[in-house]
>>> print(open('query-v1.tsv').read())   # TSV, N, CA and C atoms
chain	number	residue	atom	x	y	z
M	16	MET	N	-8.43	-14.16	6.22
M	16	MET	CA	-8.10	-14.33	4.82
M	16	MET	C	-9.02	-13.51	3.92
M	17	VAL	N	-10.28	-13.43	4.27
M	17	VAL	CA	-11.24	-12.65	3.48
M	17	VAL	C	-10.85	-11.18	3.46
M	18	ALA	N	-10.45	-10.65	4.62
M	18	ALA	CA	-10.04	-9.25	4.69
M	18	ALA	C	-8.80	-9.00	3.83
M	19	PHE	N	-7.88	-9.94	3.80
M	19	PHE	CA	-6.68	-9.81	2.97
M	19	PHE	C	-7.06	-9.71	1.49
M	20	VAL	N	-7.97	-10.57	1.06
M	20	VAL	CA	-8.39	-10.58	-0.35
M	20	VAL	C	-9.09	-9.27	-0.70
M	21	TRP	N	-9.99	-8.82	0.17
M	21	TRP	CA	-10.69	-7.56	-0.10
M	21	TRP	C	-9.73	-6.38	-0.09
M	22	THR	N	-8.82	-6.36	0.85
M	22	THR	CA	-7.84	-5.27	0.91
M	22	THR	C	-7.02	-5.23	-0.37
M	23	SER	N	-6.54	-6.38	-0.80
M	23	SER	CA	-5.75	-6.45	-2.03
M	23	SER	C	-6.57	-6.02	-3.24
M	24	ALA	N	-7.82	-6.47	-3.30
M	24	ALA	CA	-8.68	-6.13	-4.43
M	24	ALA	C	-8.99	-4.63	-4.47
M	25	LEU	N	-9.13	-4.01	-3.32
M	25	LEU	CA	-9.42	-2.58	-3.27
M	25	LEU	C	-8.18	-1.72	-3.55
M	26	GLU	N	-7.03	-2.19	-3.11
M	26	GLU	CA	-5.81	-1.40	-3.27
M	26	GLU	C	-5.18	-1.58	-4.65
M	27	LEU	N	-5.38	-2.72	-5.28
M	27	LEU	CA	-4.76	-2.97	-6.58
M	27	LEU	C	-5.10	-1.92	-7.63
M	28	PRO	N	-6.35	-1.52	-7.82
M	28	PRO	CA	-6.62	-0.50	-8.84
M	28	PRO	C	-5.92	0.83	-8.55
M	29	VAL	N	-5.81	1.17	-7.28
M	29	VAL	CA	-5.12	2.42	-6.93
M	29	VAL	C	-3.64	2.33	-7.29
M	30	TYR	N	-3.01	1.23	-6.88
M	30	TYR	CA	-1.60	1.05	-7.21
M	30	TYR	C	-1.40	0.95	-8.72
M	31	ALA	N	-2.31	0.28	-9.41
M	31	ALA	CA	-2.19	0.15	-10.87
M	31	ALA	C	-2.28	1.52	-11.53
M	32	LEU	N	-3.21	2.33	-11.08
M	32	LEU	CA	-3.39	3.67	-11.65
M	32	LEU	C	-2.16	4.55	-11.40
M	33	LEU	N	-1.60	4.47	-10.21
M	33	LEU	CA	-0.51	5.38	-9.83
M	33	LEU	C	0.89	4.85	-10.15
M	34	LEU	N	1.05	3.54	-10.24
M	34	LEU	CA	2.41	2.99	-10.37
M	34	LEU	C	2.67	2.17	-11.61
M	35	ALA	N	1.66	1.75	-12.33
M	35	ALA	CA	1.85	0.78	-13.42
M	35	ALA	C	2.83	1.26	-14.48
M	36	ARG	N	2.87	2.54	-14.76
M	36	ARG	CA	3.78	3.04	-15.79
M	36	ARG	C	5.25	2.93	-15.39
M	37	ARG	N	5.50	2.72	-14.13
M	37	ARG	CA	6.88	2.61	-13.64
M	37	ARG	C	7.47	1.22	-13.80
M	38	PHE	N	6.65	0.25	-14.22
M	38	PHE	CA	7.11	-1.12	-14.34
M	38	PHE	C	6.96	-1.61	-15.77
M	39	GLU	N	7.68	-2.66	-16.09
M	39	GLU	CA	7.68	-3.19	-17.44
M	39	GLU	C	6.39	-3.91	-17.80
M	40	SER	N	5.71	-4.48	-16.81
M	40	SER	CA	4.48	-5.22	-17.10
M	40	SER	C	3.45	-5.00	-16.00
M	41	TRP	N	2.20	-5.30	-16.34
M	41	TRP	CA	1.10	-5.11	-15.38
M	41	TRP	C	1.23	-6.03	-14.18
M	42	TRP	N	1.79	-7.22	-14.38
M	42	TRP	CA	1.87	-8.18	-13.28
M	42	TRP	C	2.85	-7.73	-12.20
M	43	ALA	N	3.79	-6.87	-12.55
M	43	ALA	CA	4.72	-6.36	-11.53
M	43	ALA	C	3.96	-5.52	-10.49
M	44	THR	N	2.97	-4.76	-10.96
M	44	THR	CA	2.14	-3.99	-10.04
M	44	THR	C	1.29	-4.92	-9.18
M	45	LEU	N	0.76	-5.97	-9.78
M	45	LEU	CA	0.00	-6.97	-9.04
M	45	LEU	C	0.89	-7.63	-7.99
M	46	ALA	N	2.08	-8.03	-8.38
M	46	ALA	CA	3.00	-8.67	-7.44
M	46	ALA	C	3.37	-7.73	-6.30
M	47	LEU	N	3.59	-6.46	-6.62
M	47	LEU	CA	3.92	-5.47	-5.58
M	47	LEU	C	2.76	-5.33	-4.60
M	48	THR	N	1.54	-5.23	-5.12
M	48	THR	CA	0.37	-5.09	-4.24
M	48	THR	C	0.22	-6.30	-3.32
M	49	LEU	N	0.36	-7.48	-3.87
M	49	LEU	CA	0.24	-8.69	-3.05
M	49	LEU	C	1.38	-8.78	-2.03
M	50	ALA	N	2.58	-8.40	-2.42
M	50	ALA	CA	3.70	-8.42	-1.48
M	50	ALA	C	3.49	-7.43	-0.34
M	51	LEU	N	3.04	-6.23	-0.66
M	51	LEU	CA	2.78	-5.23	0.39
M	51	LEU	C	1.74	-5.72	1.37
M	52	ASN	N	0.66	-6.29	0.84
M	52	ASN	CA	-0.40	-6.78	1.73
M	52	ASN	C	0.01	-8.02	2.50
M	53	THR	N	0.83	-8.86	1.89
M	53	THR	CA	1.32	-10.04	2.59
M	53	THR	C	2.21	-9.65	3.76
M	54	ILE	N	2.96	-8.59	3.60
M	54	ILE	CA	3.84	-8.11	4.67
M	54	ILE	C	3.06	-7.36	5.75
M	55	MET	N	2.21	-6.44	5.34
M	55	MET	CA	1.60	-5.51	6.30
M	55	MET	C	0.28	-5.98	6.90
M	56	HIS	N	-0.50	-6.74	6.17
M	56	HIS	CA	-1.81	-7.13	6.68
M	56	HIS	C	-1.72	-7.95	7.97
M	57	PRO	N	-0.88	-8.98	8.01
M	57	PRO	CA	-0.77	-9.74	9.27
M	57	PRO	C	-0.22	-8.89	10.42
M	58	ALA	N	0.71	-8.01	10.11
M	58	ALA	CA	1.27	-7.15	11.16
M	58	ALA	C	0.20	-6.23	11.74
M	59	LEU	N	-0.63	-5.68	10.88
M	59	LEU	CA	-1.71	-4.80	11.34
M	59	LEU	C	-2.69	-5.56	12.23
M	60	TRP	N	-3.08	-6.76	11.81
M	60	TRP	CA	-4.05	-7.52	12.59
M	60	TRP	C	-3.45	-8.12	13.85
M	61	LEU	N	-2.16	-8.33	13.87
M	61	LEU	CA	-1.49	-8.78	15.09
M	61	LEU	C	-1.58	-7.71	16.17
M	62	LEU	N	-1.52	-6.47	15.74
M	62	LEU	CA	-1.60	-5.35	16.68
M	62	LEU	C	-3.04	-4.87	16.92
M	63	ALA	N	-4.00	-5.52	16.31
M	63	ALA	CA	-5.40	-5.09	16.41
M	63	ALA	C	-5.90	-4.90	17.83
M	64	PRO	N	-5.55	-5.78	18.78
M	64	PRO	CA	-6.05	-5.55	20.14
M	64	PRO	C	-5.58	-4.22	20.74
M	65	LEU	N	-4.48	-3.70	20.26
M	65	LEU	CA	-3.97	-2.43	20.79
M	65	LEU	C	-4.75	-1.23	20.26
M	66	TRP	N	-5.32	-1.35	19.07
M	66	TRP	CA	-6.01	-0.20	18.49
M	66	TRP	C	-7.50	-0.40	18.27
M	67	ALA	N	-8.00	-1.56	18.50
M	67	ALA	CA	-9.40	-1.86	18.19
M	67	ALA	C	-10.40	-1.00	18.96
M	68	SER	N	-10.05	-0.60	20.16
M	68	SER	CA	-11.01	0.15	20.97
M	68	SER	C	-10.83	1.66	20.84
M	69	SER	N	-9.95	2.10	19.98
M	69	SER	CA	-9.64	3.53	19.91
M	69	SER	C	-9.54	4.00	18.47
M	70	THR	N	-10.23	5.09	18.17
M	70	THR	CA	-10.11	5.68	16.84
M	70	THR	C	-8.71	6.19	16.61
M	71	ALA	N	-8.13	6.81	17.61
M	71	ALA	CA	-6.76	7.32	17.49
M	71	ALA	C	-5.77	6.17	17.25
M	72	GLY	N	-5.99	5.05	17.90
M	72	GLY	CA	-5.14	3.89	17.69
M	72	GLY	C	-5.26	3.34	16.29
M	73	ALA	N	-6.48	3.30	15.76
M	73	ALA	CA	-6.69	2.82	14.40
M	73	ALA	C	-6.03	3.75	13.38
M	74	VAL	N	-6.15	5.05	13.60
M	74	VAL	CA	-5.51	6.01	12.71
M	74	VAL	C	-3.99	5.88	12.78
M	75	ALA	N	-3.46	5.70	13.98
M	75	ALA	CA	-2.01	5.52	14.14
M	75	ALA	C	-1.54	4.24	13.45
M	76	ALA	N	-2.31	3.17	13.58
M	76	ALA	CA	-1.94	1.91	12.93
M	76	ALA	C	-1.94	2.07	11.41
M	77	GLU	N	-2.95	2.71	10.87
M	77	GLU	CA	-2.99	2.95	9.42
M	77	GLU	C	-1.84	3.84	8.97
M	78	ALA	N	-1.49	4.82	9.80
M	78	ALA	CA	-0.36	5.70	9.46
M	78	ALA	C	0.95	4.92	9.39
M	79	VAL	N	1.12	3.99	10.30
M	79	VAL	CA	2.33	3.14	10.28
M	79	VAL	C	2.33	2.29	9.02
M	80	VAL	N	1.18	1.73	8.66
M	80	VAL	CA	1.08	0.92	7.45
M	80	VAL	C	1.42	1.77	6.23
M	81	VAL	N	0.88	2.96	6.14
M	81	VAL	CA	1.17	3.86	5.02
M	81	VAL	C	2.66	4.16	4.95
M	82	LEU	N	3.26	4.46	6.08
M	82	LEU	CA	4.69	4.78	6.11
M	82	LEU	C	5.53	3.60	5.64
M	83	VAL	N	5.28	2.43	6.18
M	83	VAL	CA	6.07	1.25	5.80
M	83	VAL	C	5.84	0.89	4.34
M	84	GLU	N	4.58	0.87	3.91
M	84	GLU	CA	4.30	0.55	2.51
M	84	GLU	C	4.91	1.59	1.58
M	85	GLY	N	4.81	2.85	1.95
M	85	GLY	CA	5.40	3.92	1.13
M	85	GLY	C	6.90	3.77	0.99
M	86	LEU	N	7.57	3.43	2.08
M	86	LEU	CA	9.02	3.20	2.02
M	86	LEU	C	9.36	1.99	1.17
M	87	LEU	N	8.57	0.93	1.29
M	87	LEU	CA	8.80	-0.26	0.46
M	87	LEU	C	8.59	0.04	-1.03
M	88	ILE	N	7.54	0.77	-1.33
M	88	ILE	CA	7.29	1.14	-2.73
M	88	ILE	C	8.43	2.00	-3.26
M	89	ALA	N	8.87	2.97	-2.47
M	89	ALA	CA	9.97	3.83	-2.90
M	89	ALA	C	11.23	3.01	-3.17
M	90	GLY	N	11.49	2.04	-2.32
M	90	GLY	CA	12.64	1.17	-2.54
M	90	GLY	C	12.53	0.38	-3.82
M	91	VAL	N	11.34	-0.16	-4.07
M	91	VAL	CA	11.13	-0.93	-5.30
M	91	VAL	C	11.27	-0.03	-6.52
M	92	LEU	N	10.69	1.17	-6.45
M	92	LEU	CA	10.80	2.10	-7.57
M	92	LEU	C	12.25	2.49	-7.83
M	93	SER	N	13.01	2.65	-6.78
M	93	SER	CA	14.41	3.02	-6.94
M	93	SER	C	15.24	1.89	-7.52
M	94	LEU	N	14.87	0.67	-7.20
M	94	LEU	CA	15.64	-0.49	-7.68
M	94	LEU	C	15.21	-0.98	-9.06
M	95	ARG	N	13.92	-0.85	-9.33
M	95	ARG	CA	13.38	-1.50	-10.54
M	95	ARG	C	12.53	-0.55	-11.36
M	96	ALA	N	13.16	0.35	-12.06
M	96	ALA	CA	12.44	1.22	-12.97
M	96	ALA	C	12.28	0.51	-14.31
M	97	SER	N	11.33	0.94	-15.10
M	97	SER	CA	11.15	0.30	-16.40
M	97	SER	C	12.30	0.69	-17.33
M	98	ARG	N	12.48	-0.09	-18.36
M	98	ARG	CA	13.58	0.19	-19.30
M	98	ARG	C	13.35	1.48	-20.04
M	99	SER	N	12.11	1.83	-20.27
M	99	SER	CA	11.80	3.05	-21.03
M	99	SER	C	11.90	4.32	-20.17
M	100	ARG	N	11.97	4.16	-18.87
M	100	ARG	CA	12.06	5.32	-18.00
M	100	ARG	C	13.26	5.17	-17.07
M	101	PRO	N	13.98	6.25	-16.86
M	101	PRO	CA	15.12	6.18	-15.95
M	101	PRO	C	14.66	6.03	-14.50
M	102	ARG	N	15.57	5.59	-13.67
M	102	ARG	CA	15.26	5.45	-12.25
M	102	ARG	C	14.97	6.85	-11.68
M	103	PRO	N	13.86	6.98	-10.92
M	103	PRO	CA	13.52	8.30	-10.38
M	103	PRO	C	14.47	8.67	-9.24
M	104	PRO	N	14.66	9.97	-9.02
M	104	PRO	CA	15.44	10.39	-7.86
M	104	PRO	C	14.79	9.89	-6.57
M	105	ALA	N	15.58	9.74	-5.54
M	105	ALA	CA	15.07	9.18	-4.28
M	105	ALA	C	13.88	9.98	-3.74
M	106	ARG	N	13.94	11.29	-3.81
M	106	ARG	CA	12.84	12.11	-3.29
M	106	ARG	C	11.56	11.88	-4.09
M	107	ALA	N	11.67	11.76	-5.40
M	107	ALA	CA	10.49	11.50	-6.24
M	107	ALA	C	9.93	10.12	-5.96
M	108	ALA	N	10.80	9.12	-5.81
M	108	ALA	CA	10.34	7.77	-5.50
M	108	ALA	C	9.65	7.73	-4.15
M	109	LEU	N	10.19	8.43	-3.17
M	109	LEU	CA	9.58	8.48	-1.84
M	109	LEU	C	8.22	9.16	-1.90
M	110	GLY	N	8.13	10.26	-2.60
M	110	GLY	CA	6.84	10.96	-2.73
M	110	GLY	C	5.80	10.12	-3.42
M	111	ARG	N	6.22	9.46	-4.50
M	111	ARG	CA	5.29	8.59	-5.24
M	111	ARG	C	4.86	7.41	-4.37
M	112	GLY	N	5.81	6.82	-3.66
M	112	GLY	CA	5.50	5.67	-2.80
M	112	GLY	C	4.57	6.03	-1.67
M	113	LEU	N	4.86	7.12	-0.98
M	113	LEU	CA	4.00	7.53	0.14
M	113	LEU	C	2.62	7.97	-0.34
M	114	GLY	N	2.58	8.66	-1.47
M	114	GLY	CA	1.28	9.08	-2.01
M	114	GLY	C	0.42	7.91	-2.43
M	115	ALA	N	1.03	6.95	-3.11
M	115	ALA	CA	0.28	5.76	-3.54
M	115	ALA	C	-0.19	4.95	-2.34
M	116	ALA	N	0.68	4.78	-1.36
M	116	ALA	CA	0.30	4.01	-0.16
M	116	ALA	C	-0.81	4.72	0.61
M	117	ALA	N	-0.71	6.03	0.72
M	117	ALA	CA	-1.74	6.79	1.45
M	117	ALA	C	-3.10	6.65	0.77
M	118	LEU	N	-3.13	6.83	-0.55
M	118	LEU	CA	-4.41	6.75	-1.25
M	118	LEU	C	-4.97	5.32	-1.24
M	119	ALA	N	-4.12	4.33	-1.48
M	119	ALA	CA	-4.60	2.93	-1.48
M	119	ALA	C	-5.15	2.53	-0.12
M	120	ASN	N	-4.45	2.90	0.94
M	120	ASN	CA	-4.92	2.53	2.28
M	120	ASN	C	-6.12	3.35	2.71
M	121	LEU	N	-6.24	4.57	2.24
M	121	LEU	CA	-7.43	5.36	2.53
M	121	LEU	C	-8.66	4.70	1.90
M	122	VAL	N	-8.52	4.27	0.65
M	122	VAL	CA	-9.64	3.60	-0.02
M	122	VAL	C	-10.04	2.33	0.73
M	123	SER	N	-9.06	1.48	1.06
M	123	SER	CA	-9.41	0.22	1.72
M	123	SER	C	-9.94	0.45	3.14
M	124	ALA	N	-9.42	1.45	3.84
M	124	ALA	CA	-9.91	1.74	5.19
M	124	ALA	C	-11.34	2.29	5.15
M	125	LEU	N	-11.62	3.18	4.22
M	125	LEU	CA	-12.97	3.75	4.14
M	125	LEU	C	-13.99	2.69	3.73
M	126	VAL	N	-13.66	1.86	2.77
M	126	VAL	CA	-14.57	0.79	2.38
M	126	VAL	C	-14.76	-0.18	3.55
M	127	GLY	N	-13.68	-0.48	4.24
M	127	GLY	CA	-13.77	-1.35	5.42
M	127	GLY	C	-14.69	-0.78	6.47
M	128	LEU	N	-14.58	0.51	6.72
M	128	LEU	CA	-15.47	1.15	7.70
M	128	LEU	C	-16.92	1.09	7.26
M	129	LEU	N	-17.17	1.32	5.97
M	129	LEU	CA	-18.53	1.29	5.48
M	129	LEU	C	-19.13	-0.11	5.52
M	130	VAL	N	-18.33	-1.11	5.20
M	130	VAL	CA	-18.85	-2.49	5.13
M	130	VAL	C	-19.01	-3.11	6.50
M	131	TRP	N	-18.03	-2.92	7.38
M	131	TRP	CA	-18.04	-3.63	8.64
M	131	TRP	C	-18.62	-2.84	9.81
M	132	ASN	N	-19.11	-1.65	9.55
M	132	ASN	CA	-19.75	-0.89	10.64
M	132	ASN	C	-21.19	-0.63	10.34
>>> encode(input="query-v1.tsv", output="structure tokens")
Amino acid sequence: MVAFVWTSALELPVYALLLARRFESWWATLALTLALNTIMHPALWLLAPLWASSTAGAVAAEAVVVLVEGLLIAGVLSLRASRSRPRPPARAALGRGLGAAALANLVSALVGLLVWN
């Protein structure tokens, strides 16, 4: 549970910086961050025994998380654009989603490595 809270706290500012303008209110970005972590965090830790002993496995696991989170973000952006902005094209939503997921997970992974190693 502690890791979930820290991951969410570290990723929220990144998502807020990169995605907040796409939603009508700040809490939508908060809800998206919590939903992404609620979905992906348990899945990542369930697979931890498979990647815990290998750097390549850890990188592969993070890559899967980035891909899934990026696709989820792109879907949300495509479905729920703010009233002041039109819905982005699918390619733009995918790029924004993958970029935001990559940066947010890079931040949380690097901080995790620094704190727990």
>>> closest_residue(input="query-v1.tsv", among="M:Leu128, M:Met55, M:Val20, M:Ala43", to="M:Leu92", atoms="only C-alpha atoms")
M:Ala43
>>> closest_residue(input="query-v1.tsv", among="M:Ala71, M:Leu47, M:Leu118, M:Met16", to="M:Ile88", atoms="all atoms listed in the file")
M:Leu47
>>> closest_residue(input="query-v1.tsv", among="M:Val130, M:Ala35, M:Leu87, M:Val81", to="M:Ala116", atoms="all atoms listed in the file")
M:Val81
>>> residues_around(input="query-v1.tsv", residues="M:Tyr30", least_positions_apart="4", cutoff="6.5 Å", atoms="all atoms listed in the file", output="JSON, numbers by chain")
{"M": [26, 34, 35, 44, 115, 119]}
>>> write_last_selection(input="query-v1.tsv", atoms="N, CA and C atoms", output="mmCIF file, keeping the file's coordinate frame")
data_model
loop_
_atom_site.group_PDB
_atom_site.id
_atom_site.type_symbol
_atom_site.label_atom_id
_atom_site.label_comp_id
_atom_site.auth_asym_id
_atom_site.auth_seq_id
_atom_site.Cartn_x
_atom_site.Cartn_y
_atom_site.Cartn_z
ATOM 1 N N GLU M 26 -7.030 -2.190 -3.110
ATOM 2 C CA GLU M 26 -5.810 -1.400 -3.270
ATOM 3 C C GLU M 26 -5.180 -1.580 -4.650
ATOM 4 N N LEU M 34 1.050 3.540 -10.240
ATOM 5 C CA LEU M 34 2.410 2.990 -10.370
ATOM 6 C C LEU M 34 2.670 2.170 -11.610
ATOM 7 N N ALA M 35 1.660 1.750 -12.330
ATOM 8 C CA ALA M 35 1.850 0.780 -13.420
ATOM 9 C C ALA M 35 2.830 1.260 -14.480
ATOM 10 N N THR M 44 2.970 -4.760 -10.960
ATOM 11 C CA THR M 44 2.140 -3.990 -10.040
ATOM 12 C C THR M 44 1.290 -4.920 -9.180
ATOM 13 N N ALA M 115 1.030 6.950 -3.110
ATOM 14 C CA ALA M 115 0.280 5.760 -3.540
ATOM 15 C C ALA M 115 -0.190 4.950 -2.340
ATOM 16 N N ALA M 119 -4.120 4.330 -1.480
ATOM 17 C CA ALA M 119 -4.600 2.930 -1.480
ATOM 18 C C ALA M 119 -5.150 2.530 -0.120
#
>>> atom_distance(input="query-v1.tsv", atom1="atom C of M:Leu113", atom2="atom CA of M:Pro28")
15.1 Å
>>> atom_distance(input="query-v1.tsv", atom1="atom N of M:Arg37", atom2="atom N of M:Ile54")
21.2 Å
